[in-house]
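Colleague: This is the content of run_4.txt (compact mmCIF, C-alpha atoms):
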# COMPACT_ATOMS: atom_id res chain seq x y z
CA MET A 1 131.57 219.36 13.55
CA SER A 2 129.69 219.06 10.27
CA LEU A 3 128.35 216.41 7.95
CA ASP A 4 129.18 216.70 4.23
CA VAL A 5 126.12 214.88 2.90
CA ALA A 6 127.35 214.92 -0.70
CA ALA A 7 130.58 213.22 0.36
CA VAL A 8 128.69 210.73 2.51
CA ARG A 9 126.42 209.80 -0.39
CA GLY A 10 129.50 208.99 -2.43
CA LEU A 11 130.31 206.21 0.03
CA PHE A 12 127.21 204.23 -0.99
CA PRO A 13 127.34 202.72 -4.51
CA SER A 14 123.78 201.43 -4.14
CA LEU A 15 122.47 205.00 -4.27
CA GLY A 16 123.20 204.77 -7.97
CA ASP A 17 120.03 202.76 -8.39
CA GLY A 18 118.04 206.01 -8.31
CA TRP A 19 115.79 204.97 -5.43
CA ILE A 20 115.14 207.05 -2.34
CA HIS A 21 115.78 204.89 0.72
CA PHE A 22 113.58 205.66 3.71
CA ASP A 23 113.59 202.03 4.88
CA ALA A 24 116.40 202.22 7.44
CA GLN A 25 114.56 199.84 9.80
CA ALA A 26 115.20 197.05 7.28
CA GLY A 27 118.92 197.87 7.41
CA MET A 28 120.97 200.85 6.32
CA LEU A 29 122.55 200.84 2.89
CA ILE A 30 125.95 199.14 2.86
CA PRO A 31 128.92 201.44 2.13
CA ASP A 32 131.53 200.35 -0.37
CA SER A 33 134.21 200.00 2.32
CA VAL A 34 132.14 197.42 4.18
CA ALA A 35 131.35 195.40 1.06
CA SER A 36 135.04 195.35 0.14
CA ALA A 37 136.07 194.31 3.66
CA VAL A 38 133.57 191.45 3.71
CA SER A 39 134.76 190.24 0.30
CA SER A 40 138.42 190.32 1.37
CA GLY A 41 137.60 188.64 4.67
CA PHE A 42 135.83 185.73 2.99
CA ARG A 43 138.86 185.20 0.77
CA GLN A 44 141.47 185.46 3.50
CA LEU A 45 139.87 184.27 6.74
CA GLY A 46 138.59 180.78 6.12
CA ALA A 47 140.39 179.07 8.99
CA ALA A 48 138.91 178.47 12.43
CA PRO A 49 140.45 180.42 15.31
CA GLY A 50 142.66 178.85 17.95
CA GLY A 51 145.41 177.28 15.86
CA VAL A 52 149.04 178.35 15.56
CA TYR A 53 149.21 178.42 11.76
CA PRO A 54 148.86 181.80 9.98
CA GLY A 55 145.22 181.40 8.87
CA ALA A 56 144.02 180.57 12.39
CA VAL A 57 146.04 183.40 13.88
CA ARG A 58 144.52 185.90 11.43
CA THR A 59 141.01 184.72 12.30
CA THR A 60 141.75 185.08 16.03
CA GLU A 61 143.03 188.59 15.38
CA ALA A 62 139.84 189.38 13.44
CA ILE A 63 137.74 188.31 16.44
CA ASP A 64 139.80 190.42 18.81
CA GLY A 65 139.60 193.36 16.41
CA ALA A 66 135.83 193.06 16.22
CA ARG A 67 135.53 193.09 20.01
CA ARG A 68 137.71 196.21 20.23
CA ALA A 69 135.70 197.99 17.52
CA VAL A 70 132.37 197.34 19.27
CA ALA A 71 133.91 198.38 22.59
CA ASP A 72 134.90 201.70 21.02
CA LEU A 73 131.39 202.13 19.65
CA VAL A 74 129.71 201.84 23.05
CA GLY A 75 132.47 203.01 25.40
CA ALA A 76 133.08 199.61 26.96
CA GLN A 77 135.86 197.05 27.44
CA ALA A 78 136.64 194.53 24.71
CA ALA A 79 136.57 191.76 27.33
CA GLY A 80 132.83 192.38 27.75
CA VAL A 81 131.87 192.10 24.06
CA VAL A 82 129.96 188.97 23.03
CA LEU A 83 129.49 188.51 19.27
CA GLY A 84 126.62 186.71 17.58
CA PRO A 85 124.60 186.35 14.38
CA SER A 86 121.72 188.61 15.46
CA ARG A 87 120.37 190.52 18.42
CA SER A 88 117.58 187.99 18.91
CA ALA A 89 120.12 185.15 19.09
CA LEU A 90 122.18 187.06 21.63
CA VAL A 91 119.20 187.93 23.85
CA TRP A 92 118.12 184.27 23.66
CA THR A 93 121.63 183.30 24.77
CA LEU A 94 121.57 185.72 27.67
CA ALA A 95 118.14 184.55 28.82
CA GLU A 96 119.23 180.91 28.71
CA SER A 97 122.52 181.64 30.49
CA ILE A 98 120.79 182.94 33.61
CA ALA A 99 120.39 180.22 36.23
CA PRO A 100 116.88 178.66 35.98
CA ASN A 101 116.19 179.02 39.71
CA THR A 102 116.31 182.79 39.18
CA TRP A 103 112.84 182.57 37.65
CA LEU A 104 111.29 180.47 40.40
CA GLY A 105 109.14 183.22 41.84
CA GLY A 106 111.15 185.84 39.98
CA ASP A 107 110.01 188.22 37.28
CA VAL A 108 111.18 190.17 34.27
CA VAL A 109 110.07 193.66 33.19
CA VAL A 110 109.60 194.24 29.45
CA SER A 111 107.96 197.06 27.52
CA HIS A 112 105.51 197.62 24.70
CA ALA A 113 108.04 199.99 23.13
CA ASP A 114 110.50 197.20 22.38
CA ASP A 115 111.03 195.10 19.28
CA GLU A 116 110.29 191.40 19.56
CA PRO A 117 113.97 190.32 19.86
CA ASN A 118 114.13 191.96 23.28
CA ILE A 119 110.76 190.61 24.40
CA VAL A 120 110.15 187.06 23.15
CA PRO A 121 113.26 185.39 24.66
CA TRP A 122 112.35 186.70 28.11
CA LEU A 123 108.70 185.69 27.83
CA ARG A 124 109.59 182.13 26.89
CA VAL A 125 112.33 181.49 29.41
CA VAL A 126 110.30 183.02 32.26
CA GLY A 127 107.21 181.08 31.21
CA ARG A 128 109.16 177.84 31.14
CA TYR A 129 110.23 178.14 34.77
CA GLY A 130 107.09 179.68 36.21
CA GLY A 131 108.23 183.25 36.59
CA SER A 132 106.08 186.29 35.90
CA VAL A 133 106.19 189.15 33.42
CA ARG A 134 105.51 192.81 34.07
CA TRP A 135 104.81 195.25 31.24
CA ALA A 136 105.80 198.89 30.94
CA GLU A 137 103.21 200.90 29.04
CA LEU A 138 103.56 203.64 26.42
CA ASP A 139 102.12 207.11 26.68
CA ILE A 140 99.55 206.69 23.92
CA GLU A 141 99.58 210.42 23.16
CA THR A 142 103.32 210.93 22.66
CA GLY A 143 104.57 207.39 22.07
CA GLU A 144 107.17 207.80 24.81
CA LEU A 145 107.95 205.22 27.47
CA PRO A 146 107.62 207.03 30.84
CA ALA A 147 110.46 206.15 33.18
CA TRP A 148 108.53 206.91 36.37
CA GLN A 149 106.42 203.75 36.06
CA TYR A 150 109.49 201.55 36.64
CA LYS A 151 109.53 202.61 40.28
CA ASN A 152 106.47 200.38 40.78
CA LEU A 153 107.24 197.80 38.10
CA VAL A 154 110.67 196.80 39.43
CA GLY A 155 110.34 194.82 42.64
CA ALA A 156 112.42 192.76 45.01
CA ARG A 157 111.97 189.65 42.82
CA THR A 158 112.80 191.35 39.51
CA ALA A 159 115.83 189.71 37.91
CA VAL A 160 115.92 191.51 34.55
CA VAL A 161 114.61 194.77 33.11
CA ALA A 162 114.65 194.70 29.29
CA VAL A 163 114.04 197.97 27.47
CA THR A 164 114.84 199.73 24.22
CA LEU A 165 116.86 202.93 23.93
CA ALA A 166 114.83 204.10 20.92
CA SER A 167 111.64 202.91 19.25
CA SER A 168 112.07 201.36 15.81
CA THR A 169 108.80 202.88 14.56
CA LEU A 170 108.07 206.00 16.61
CA GLY A 171 111.67 207.09 17.13
CA ALA A 172 111.02 207.94 20.79
CA ILE A 173 114.17 207.88 22.94
CA THR A 174 113.83 206.29 26.38
CA ASP A 175 115.28 207.84 29.53
CA ILE A 176 117.54 204.87 30.27
CA PRO A 177 119.55 206.44 33.15
CA ALA A 178 116.31 207.02 35.11
CA ILE A 179 115.21 203.41 34.56
CA ALA A 180 118.70 202.22 35.52
CA ARG A 181 118.37 203.85 38.93
CA PHE A 182 115.15 201.94 39.63
CA ALA A 183 116.60 198.66 38.35
CA HIS A 184 119.85 198.86 40.27
CA ALA A 185 118.10 199.89 43.47
CA ARG A 186 116.44 196.45 43.37
CA GLY A 187 119.51 194.56 42.13
CA ALA A 188 118.01 193.81 38.70
CA MET A 189 120.05 193.45 35.51
CA LEU A 190 119.23 196.18 32.97
CA VAL A 191 119.36 194.93 29.36
CA VAL A 192 119.14 197.76 26.83
CA ASP A 193 118.52 197.20 23.13
CA ALA A 194 120.39 200.12 21.54
CA THR A 195 120.08 198.82 17.98
CA ASN A 196 117.71 201.53 16.77
CA ALA A 197 119.74 204.34 18.32
CA ALA A 198 123.25 203.20 17.36
CA PRO A 199 123.27 204.68 13.81
CA TYR A 200 122.26 208.13 15.05
CA MET A 201 123.87 208.99 18.37
CA PRO A 202 127.02 208.26 20.41
CA LEU A 203 126.57 205.45 22.91
CA ASP A 204 128.18 205.22 26.35
CA ILE A 205 127.23 202.15 28.33
CA ALA A 206 128.39 203.68 31.62
CA GLU A 207 126.47 206.93 31.15
CA LEU A 208 123.34 205.00 30.25
CA GLY A 209 123.71 202.79 33.30
CA ALA A 210 123.00 199.65 31.29
CA ASP A 211 124.40 196.35 32.53
CA VAL A 212 124.08 194.83 29.05
CA LEU A 213 123.82 196.72 25.77
CA VAL A 214 122.76 195.04 22.51
CA VAL A 215 123.47 196.42 19.03
CA SER A 216 123.11 195.05 15.50
CA ALA A 217 125.50 196.15 12.75
CA GLU A 218 123.00 195.88 9.89
CA ARG A 219 121.20 198.91 11.32
CA TRP A 220 124.20 201.17 10.57
CA GLY A 221 125.31 199.60 7.28
CA GLY A 222 127.26 196.59 8.50
CA PRO A 223 126.81 192.85 7.91
CA ARG A 224 124.21 190.83 9.79
CA VAL A 225 126.25 190.57 12.96
CA ALA A 226 125.28 191.68 16.43
CA ALA A 227 127.05 192.31 19.71
CA MET A 228 126.01 192.05 23.35
CA VAL A 229 128.20 194.18 25.60
CA PHE A 230 128.56 193.77 29.37
CA ARG A 231 129.49 196.88 31.34
CA ASP A 232 131.29 194.63 33.82
CA PRO A 233 132.99 191.74 31.97
CA LYS A 234 133.22 189.74 35.20
CA VAL A 235 129.44 189.16 35.04
CA ILE A 236 130.01 186.81 32.08
CA ASP A 237 131.89 184.37 34.32
CA ARG A 238 128.85 184.09 36.61
CA LEU A 239 126.53 183.00 33.80
CA VAL A 240 125.95 179.49 32.50
CA PRO A 241 128.35 178.89 29.57
CA MET A 242 126.64 178.50 26.19
CA SER A 243 129.59 177.73 23.91
CA VAL A 244 129.99 174.25 22.43
CA ASP A 245 133.71 174.59 23.26
CA PRO A 246 134.26 173.57 26.90
CA ARG A 247 137.57 175.47 26.89
CA ALA A 248 135.96 178.82 26.03
CA VAL A 249 136.75 181.68 28.38
CA GLY A 250 135.66 185.30 28.69
CA PRO A 251 133.02 186.50 26.22
CA ALA A 252 133.52 183.36 24.12
CA ARG A 253 131.67 181.45 26.90
CA LEU A 254 128.42 182.98 25.60
CA GLU A 255 129.18 182.50 21.89
CA LEU A 256 127.77 179.23 20.60
CA GLU A 257 130.35 179.17 17.79
CA PRO A 258 132.80 181.73 16.34
CA LEU A 259 131.50 183.91 13.53
CA GLN A 260 132.94 183.71 10.02
CA GLY A 261 135.98 185.94 9.54
CA GLY A 262 134.50 187.84 6.61
CA LEU A 263 131.58 189.03 8.71
CA LEU A 264 133.94 190.18 11.44
CA THR A 265 136.04 192.26 9.06
CA GLY A 266 132.81 193.76 7.75
CA LEU A 267 131.76 194.62 11.30
CA VAL A 268 135.04 196.43 11.95
CA ALA A 269 134.81 198.24 8.60
CA SER A 270 131.26 199.39 9.36
CA ILE A 271 132.33 200.92 12.67
CA GLU A 272 135.29 202.59 10.94
CA HIS A 273 132.76 203.90 8.43
CA LEU A 274 130.73 205.49 11.22
CA ALA A 275 133.89 207.03 12.65
CA SER A 276 134.77 208.61 9.31
CA LEU A 277 131.43 210.28 8.53
CA ASP A 278 132.73 213.60 9.87
CA ALA A 279 135.84 214.37 7.82
CA ASP A 280 137.04 216.77 10.53
CA ALA A 281 137.00 214.15 13.29
CA ILE A 282 140.50 213.32 14.56
CA GLY A 283 142.12 211.12 17.19
CA LYS A 284 141.49 207.57 18.28
CA ARG A 285 138.49 205.66 16.98
CA ARG A 286 136.32 206.26 20.04
CA ARG A 287 136.82 210.00 19.78
CA ARG A 288 136.13 209.98 16.04
CA LEU A 289 132.98 207.92 16.57
CA VAL A 290 131.58 210.40 19.06
CA ALA A 291 132.38 213.37 16.80
CA SER A 292 130.95 211.73 13.69
CA LEU A 293 127.76 210.53 15.34
CA ASP A 294 127.26 213.95 16.90
CA ALA A 295 127.49 215.41 13.39
CA VAL A 296 125.03 212.83 12.05
CA ASN A 297 122.65 213.58 14.91
CA GLU A 298 122.80 217.33 14.33
CA TYR A 299 122.13 217.02 10.58
CA LEU A 300 119.37 214.42 10.82
CA ASP A 301 117.69 216.22 13.70
CA ARG A 302 117.21 219.25 11.43
CA LEU A 303 116.06 217.07 8.55
CA MET A 304 113.64 215.25 10.84
CA VAL A 305 112.07 218.53 11.95
CA TYR A 306 111.59 219.41 8.29
CA LEU A 307 110.06 216.00 7.52
CA THR A 308 107.68 216.14 10.48
CA THR A 309 106.61 219.72 9.78
CA THR A 310 105.89 219.10 6.11
CA LEU A 311 104.00 215.86 6.77
CA GLU A 312 101.79 217.59 9.32
CA GLN A 313 100.75 220.09 6.64
CA LEU A 314 99.07 217.29 4.68
CA SER A 315 95.48 217.08 5.89
CA GLN A 316 95.16 213.34 5.29
CA VAL A 317 98.41 212.40 7.04
CA SER A 318 98.59 211.84 10.80
CA VAL A 319 102.00 211.32 12.41
CA VAL A 320 101.80 208.68 15.15
CA GLY A 321 103.04 210.05 18.45
CA THR A 322 104.78 213.29 19.33
CA PRO A 323 107.89 212.38 21.33
CA GLY A 324 109.97 215.31 22.48
CA ASN A 325 113.21 213.45 21.90
CA ARG A 326 113.52 211.03 19.01
CA VAL A 327 115.89 209.42 16.52
CA PRO A 328 115.09 210.19 12.83
CA THR A 329 112.29 207.68 12.53
CA LEU A 330 108.53 208.13 12.46
CA SER A 331 105.32 206.41 11.48
CA PHE A 332 102.19 207.91 10.00
CA THR A 333 98.72 206.90 8.86
CA PHE A 334 96.88 208.11 5.76
CA ASP A 335 93.18 208.81 6.03
CA GLN A 336 91.06 206.18 4.25
CA VAL A 337 94.08 204.60 2.53
CA SER A 338 95.77 201.48 3.88
CA ALA A 339 99.46 201.54 4.69
CA ASP A 340 100.09 198.84 2.10
CA LYS A 341 98.57 200.97 -0.67
CA VAL A 342 100.55 204.01 0.44
CA VAL A 343 103.81 202.08 0.33
CA ARG A 344 102.96 200.72 -3.12
CA ARG A 345 102.31 204.27 -4.36
CA LEU A 346 105.60 205.43 -2.89
CA SER A 347 107.37 202.53 -4.56
CA ASP A 348 105.83 203.49 -7.91
CA ASN A 349 107.52 206.86 -7.41
CA GLY A 350 110.94 205.49 -6.50
CA ILE A 351 110.64 205.66 -2.71
CA CYS A 352 111.38 202.79 -0.33
CA ALA A 353 109.29 202.78 2.86
CA LEU A 354 107.84 200.11 5.15
CA ALA A 355 104.26 199.26 6.05
CA ASP A 356 102.71 197.52 9.05
CA LEU A 357 105.91 196.58 10.84
CA PRO A 358 105.30 193.94 13.55
CA CYS A 359 105.50 196.40 16.41
CA ARG A 360 103.57 196.40 19.67
CA ALA A 361 103.99 200.16 19.96
CA LEU A 362 101.99 200.84 16.79
CA THR A 363 99.27 198.46 17.97
CA ARG A 364 99.05 200.22 21.34
CA MET A 365 98.87 203.58 19.56
CA GLY A 366 95.86 202.39 17.52
CA ALA A 367 97.49 202.52 14.08
CA SER A 368 95.62 199.41 12.98
CA ASP A 369 92.34 201.32 13.30
CA PHE A 370 93.45 203.50 10.39
CA GLY A 371 94.58 200.77 8.02
CA GLY A 372 98.06 200.39 9.45
CA ALA A 373 101.04 202.73 9.60
CA VAL A 374 103.81 203.61 7.18
CA THR A 375 107.25 203.84 8.80
CA VAL A 376 110.10 205.91 7.39
CA GLY A 377 113.64 206.14 8.72
CA LEU A 378 116.34 208.54 7.58
CA GLY A 379 120.01 207.76 7.01
CA PRO A 380 123.12 209.97 6.84
CA TYR A 381 122.65 209.92 3.06
CA SER A 382 119.10 211.36 3.19
CA THR A 383 118.51 214.84 1.75
CA PRO A 384 115.85 217.60 1.86
CA TYR A 385 115.12 216.93 -1.83
CA GLU A 386 114.19 213.34 -0.98
CA VAL A 387 111.92 214.54 1.81
CA ASP A 388 110.24 216.92 -0.64
CA HIS A 389 109.67 214.09 -3.10
CA LEU A 390 108.11 211.96 -0.37
CA VAL A 391 105.74 214.74 0.67
CA ARG A 392 104.78 215.60 -2.92
CA THR A 393 104.00 211.95 -3.63
CA LEU A 394 101.82 211.69 -0.53
CA GLY A 395 100.07 214.91 -1.54
CA SER A 396 99.22 213.50 -4.94
CA LEU A 397 97.83 210.39 -3.27
CA GLY A 398 95.26 212.52 -1.49
The structure given in the file should be rewritten as structure tokens.

Modeller:
Amino acid sequence: MSLDVAAVRGLFPSLGDGWIHFDAQAGMLIPDSVASAVSSGFRQLGAAPGGVYPGAVRTTEAIDGARRAVADLVGAQAAGVVLGPSRSALVWTLAESIAPNTWLGGDVVVSHADDEPNIVPWLRVVGRYGGSVRWAELDIETGELPAWQYKNLVGARTAVVAVTLASSTLGAITDIPAIARFAHARGAMLVVDATNAAPYMPLDIAELGADVLVVSAERWGGPRVAAMVFRDPKVIDRLVPMSVDPRAVGPARLELEPLQGGLLTGLVASIEHLASLDADAIGKRRRRLVASLDAVNEYLDRLMVYLTTTLEQLSQVSVVGTPGNRVPTLSFTFDQVSADKVVRRLSDNGICALADLPCRALTRMGASDFGGAVTVGLGPYSTPYEVDHLVRTLGSLG
């Protein structure tokens, strides 16, 4: 199990622009195989699914292929994969598909570690029907989301627990299996946003204990397509149908309309790309995905230790949070310099980073008191040289 970073970098034509990309939260770079697949799909898959003529059949096959690819990614069944344009659209769909009387006296548990797409839909649907909201709090020292608090947060009236697997700004990984035990003991549905973790670690919906898992392909170099996966596909039949097609069955019941074929071929190609990152990985796609993502995790874990250690040596830089287990993402503040100015200086030196992301976690951690936070995220194409250039640039800023 090893990651050949030089070979991986060759898969991304956009690296030829000379920039260093530490802006993974805005979307990973798109590999050439995905761009080619999307282009071919747009040329060949223009027909709507459901017909008997060749174009319609090919589009139907593309939909089925996309469901199977996502199922392999998360260790689920294709019959439980709902496709959509974005994770926010899918969470909105799920929230609206739950019977309204569920929220009459019921509640939902959300967290300050989550991104808005896994918070706002629940707040609005619960508010509309008079339900209540309970909030899980961060550990403001480490940035972690303690699982023990869910024992008291999840009650007899809790219908849904929505939580992230990994923070998009602090990188902290949540102990989902522990939260799942509290949720299932009370009969609540556990909805896990795994978008920020999917590019960096193998996912297994059963091991996590999630009832619903949400991922977005743009975070690992795919097109702007998302998937919502049900551990038990039969649950879909108990939800209010959302499709405009009254004949829709299975996961299509929760898909407002079918996605364009070109995006679906790009989704499949992006998952194949993940499966091929470790050249030594063999076997079926699920096995290759696990092996490749393990290799990515091992490499980026070492690079993340190097990044964190070198940043902490800069007297004016303060890394936000100290989670013991994290994906290769972190945020930092710079003494007496706003995050916006830091990012502009990095950009002047060929480095892409993000400033002041709309994140409740950073607000709770007090980053705004220091002029905001800069967030950097690594990709499988990141190198120690790029980390050195980042640190040197920050050192010159001081």

Colleague: Which residue gives the smallest distance to Asp193 in chain A among A:Ser88, A:Glu141, A:Glu207, A:Leu256, with all atoms listed in the file counted?

Modeller: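 For Asp193 in chain A, the nearest of the candidates is A:Ser88.
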
Colleague: Go through A:Thr393, A:Thr59, A:Thr308, A:Ser33 and flag the residue nearest Gly377 in chain A, using all atoms listed in the file for the distances.

Modeller: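 The answer is A:Thr308, which sits nearest to Gly377 in chain A.
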
Colleague: Just want the 10 Å neighbourhood of Ala252 in chain A, counted on all atoms listed in the file, with same-chain residues fewer than 6 positions away dropped. Output as a list in words.

Modeller: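 What passes the distance filter is Ala79, Gly80, Val81, Val82, Leu83, Ile236, Pro241, Met242, Ser243, Val244, Asp245 and Pro258 of chain A.
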
Colleague: Which residues of range 243-349 of chain A come within 10 Å of range 20-23 of chain A, and for each one, what is the closest pair of atoms and their distance in Å to one decimal, counting all atoms listed in the file, sorted by chain and residue number, as CSV?

Modeller:
residue,atom,partner,partner_atom,distance
A:Thr329,CA,A:Phe22,CA,9.1
A:Leu346,CA,A:Ile20,CA,9.7
A:Ser347,CA,A:Ile20,CA,9.3
A:Asn349,CA,A:Ile20,CA,9.2

Colleague: So which one's closest to Leu354 in chain A, A:Ser168, A:Gln149, A:Ser292, A:Ser318? Using only C-alpha atoms, please.

Modeller: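 Of all the options, A:Ser168 lies closest to Leu354 in chain A.
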
Colleague: Report the closest atom pair, with its distance in Å rounded to one decimal, for each residue of range 202-286 of chain A that has an atom no farther than 12 Å from range 173-181 of chain A; count only C-alpha atoms, sort by chain and then rising residue number, and write it as CSV.

Modeller:
residue,atom,partner,partner_atom,distance
A:Leu203,CA,A:Ile176,CA,11.7
A:Asp204,CA,A:Pro177,CA,11.1
A:Ile205,CA,A:Pro177,CA,10.0
A:Ala206,CA,A:Pro177,CA,9.4
A:Glu207,CA,A:Pro177,CA,7.2
A:Leu208,CA,A:Pro177,CA,5.0
A:Gly209,CA,A:Ala180,CA,5.5
A:Ala210,CA,A:Ala180,CA,6.6
A:Asp211,CA,A:Ala180,CA,8.7
A:Val212,CA,A:Ala180,CA,11.2
A:Leu213,CA,A:Ile176,CA,11.2

Colleague: Between CA of Gln77 in chain A and CA of Ala227 in chain A, measure the distance and give it in Å to one decimal.

Modeller: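 Computed distance, CA of Gln77 in chain A to CA of Ala227 in chain A, equals 12.6 Å.
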
Colleague: Smallest atom-to-atom distance to Lys341 in chain A: which of A:Leu397, A:Met189, A:Ala95, A:Val317, using all atoms listed in the file?

Modeller: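 Among the listed residues, the smallest separation from Lys341 in chain A belongs to A:Leu397.
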
Colleague: So that each row is one residue of range 1-118 of chain A with an atom at most 12 Å from range 262-271 of chain A, can you give its shortest atom pair and the distance in Å to one decimal, using all atoms listed in the file, rows by chain and rising number, as a Markdown table?

Modeller:
| residue | atom | partner | partner_atom | distance |
| --- | --- | --- | --- | --- |
| A:Leu11 | CA | A:Ser270 | CA | 11.6 |
| A:Met28 | CA | A:Ser270 | CA | 10.8 |
| A:Leu29 | CA | A:Ser270 | CA | 10.9 |
| A:Ile30 | CA | A:Ser270 | CA | 8.4 |
| A:Pro31 | CA | A:Ser270 | CA | 7.9 |
| A:Asp32 | CA | A:Ser270 | CA | 9.8 |
| A:Ser33 | CA | A:Ala269 | CA | 6.5 |
| A:Val34 | CA | A:Gly266 | CA | 5.2 |
| A:Ala35 | CA | A:Gly266 | CA | 7.0 |
| A:Ser36 | CA | A:Gly266 | CA | 8.1 |
| A:Ala37 | CA | A:Gly266 | CA | 5.3 |
| A:Val38 | CA | A:Gly266 | CA | 4.7 |
| A:Ser39 | CA | A:Gly262 | CA | 6.8 |
| A:Ser40 | CA | A:Gly262 | CA | 7.0 |
| A:Gly41 | CA | A:Gly262 | CA | 3.7 |
| A:Phe42 | CA | A:Gly262 | CA | 4.4 |
| A:Arg43 | CA | A:Gly262 | CA | 7.8 |
| A:Gln44 | CA | A:Gly262 | CA | 8.0 |
| A:Leu45 | CA | A:Gly262 | CA | 6.4 |
| A:Gly46 | CA | A:Gly262 | CA | 8.2 |
| A:Ala47 | CA | A:Gly262 | CA | 10.8 |
| A:Ala48 | CA | A:Gly262 | CA | 11.9 |
| A:Arg58 | CA | A:Thr265 | CA | 10.9 |
| A:Thr59 | CA | A:Leu264 | CA | 9.0 |
| A:Thr60 | CA | A:Leu264 | CA | 10.4 |
| A:Glu61 | CA | A:Leu264 | CA | 10.0 |
| A:Ala62 | CA | A:Leu264 | CA | 6.3 |
| A:Ile63 | CA | A:Leu264 | CA | 6.6 |
| A:Asp64 | CA | A:Leu264 | CA | 9.4 |
| A:Gly65 | CA | A:Val268 | CA | 7.1 |
| A:Ala66 | CA | A:Val268 | CA | 5.5 |
| A:Arg67 | CA | A:Val268 | CA | 8.7 |
| A:Arg68 | CA | A:Val268 | CA | 8.7 |
| A:Ala69 | CA | A:Val268 | CA | 5.8 |
| A:Val70 | CA | A:Ile271 | CA | 7.5 |
| A:Ala71 | CA | A:Ile271 | CA | 10.4 |
| A:Asp72 | CA | A:Ile271 | CA | 8.8 |
| A:Leu73 | CA | A:Ile271 | CA | 7.1 |
| A:Val74 | CA | A:Ile271 | CA | 10.7 |
| A:Leu83 | CA | A:Leu264 | CA | 9.2 |
| A:Gly84 | CA | A:Leu264 | CA | 10.2 |
| A:Pro85 | CA | A:Leu263 | CA | 9.4 |
| A:Ser86 | CA | A:Leu263 | CA | 12.0 |

Colleague: Between CA of Met304 in chain A and CA of Leu378 in chain A, what is the distance in Å, rounded to a tenth?

Modeller: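 The value is 7.9 Å.
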
Colleague: To one decimal place, how far is CA of Trp92 in chain A from CA of Leu123 in chain A in Å?

Modeller: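 Answer for the CA of Trp92 in chain A to CA of Leu123 in chain A separation: 10.4 Å.
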
Colleague: Can I get range 109-119 of chain A with N, CA, C and O atoms filled in, as a PDB file, in the frame of the given file?

Modeller:
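Heads up, here's the output in result09.pdb:
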ATOM      1  N   VAL A 109     110.837 192.499  33.632  1.00  0.00           N
ATOM      2  CA  VAL A 109     110.070 193.660  33.190  1.00  0.00           C
ATOM      3  C   VAL A 109     110.421 193.932  31.730  1.00  0.00           C
ATOM      4  O   VAL A 109     111.589 194.135  31.400  1.00  0.00           O
ATOM      5  N   VAL A 110     109.419 193.921  30.860  1.00  0.00           N
ATOM      6  CA  VAL A 110     109.600 194.240  29.450  1.00  0.00           C
ATOM      7  C   VAL A 110     108.671 195.402  29.104  1.00  0.00           C
ATOM      8  O   VAL A 110     107.875 195.832  29.932  1.00  0.00           O
ATOM      9  N   SER A 111     108.776 195.897  27.867  1.00  0.00           N
ATOM     10  CA  SER A 111     107.960 197.060  27.520  1.00  0.00           C
ATOM     11  C   SER A 111     107.304 196.897  26.161  1.00  0.00           C
ATOM     12  O   SER A 111     107.803 196.175  25.295  1.00  0.00           O
ATOM     13  N   HIS A 112     106.205 197.624  25.976  1.00  0.00           N
ATOM     14  CA  HIS A 112     105.510 197.620  24.700  1.00  0.00           C
ATOM     15  C   HIS A 112     106.201 198.514  23.666  1.00  0.00           C
ATOM     16  O   HIS A 112     105.763 198.571  22.522  1.00  0.00           O
ATOM     17  N   ALA A 113     107.278 199.173  24.077  1.00  0.00           N
ATOM     18  CA  ALA A 113     108.040 199.990  23.130  1.00  0.00           C
ATOM     19  C   ALA A 113     109.095 199.177  22.400  1.00  0.00           C
ATOM     20  O   ALA A 113     109.620 199.616  21.381  1.00  0.00           O
ATOM     21  N   ASP A 114     109.387 197.989  22.912  1.00  0.00           N
ATOM     22  CA  ASP A 114     110.500 197.200  22.380  1.00  0.00           C
ATOM     23  C   ASP A 114     110.133 196.419  21.129  1.00  0.00           C
ATOM     24  O   ASP A 114     108.967 196.100  20.877  1.00  0.00           O
ATOM     25  N   ASP A 115     111.181 196.053  20.376  1.00  0.00           N
ATOM     26  CA  ASP A 115     111.030 195.100  19.280  1.00  0.00           C
ATOM     27  C   ASP A 115     110.971 193.694  19.869  1.00  0.00           C
ATOM     28  O   ASP A 115     111.436 193.438  20.992  1.00  0.00           O
ATOM     29  N   GLU A 116     110.464 192.768  19.083  1.00  0.00           N
ATOM     30  CA  GLU A 116     110.290 191.400  19.560  1.00  0.00           C
ATOM     31  C   GLU A 116     111.593 190.727  20.028  1.00  0.00           C
ATOM     32  O   GLU A 116     111.566 189.941  20.967  1.00  0.00           O
ATOM     33  N   PRO A 117     112.749 190.989  19.392  1.00  0.00           N
ATOM     34  CA  PRO A 117     113.970 190.320  19.860  1.00  0.00           C
ATOM     35  C   PRO A 117     114.323 190.597  21.313  1.00  0.00           C
ATOM     36  O   PRO A 117     115.038 189.800  21.927  1.00  0.00           O
ATOM     37  N   ASN A 118     113.847 191.688  21.875  1.00  0.00           N
ATOM     38  CA  ASN A 118     114.130 191.960  23.280  1.00  0.00           C
ATOM     39  C   ASN A 118     112.920 191.697  24.172  1.00  0.00           C
ATOM     40  O   ASN A 118     112.879 192.129  25.321  1.00  0.00           O
ATOM     41  N   ILE A 119     111.948 190.982  23.623  1.00  0.00           N
ATOM     42  CA  ILE A 119     110.760 190.610  24.400  1.00  0.00           C
ATOM     43  C   ILE A 119     110.582 189.092  24.438  1.00  0.00           C
ATOM     44  O   ILE A 119     110.526 188.483  25.508  1.00  0.00           O
TER      45      ILE A 119
END
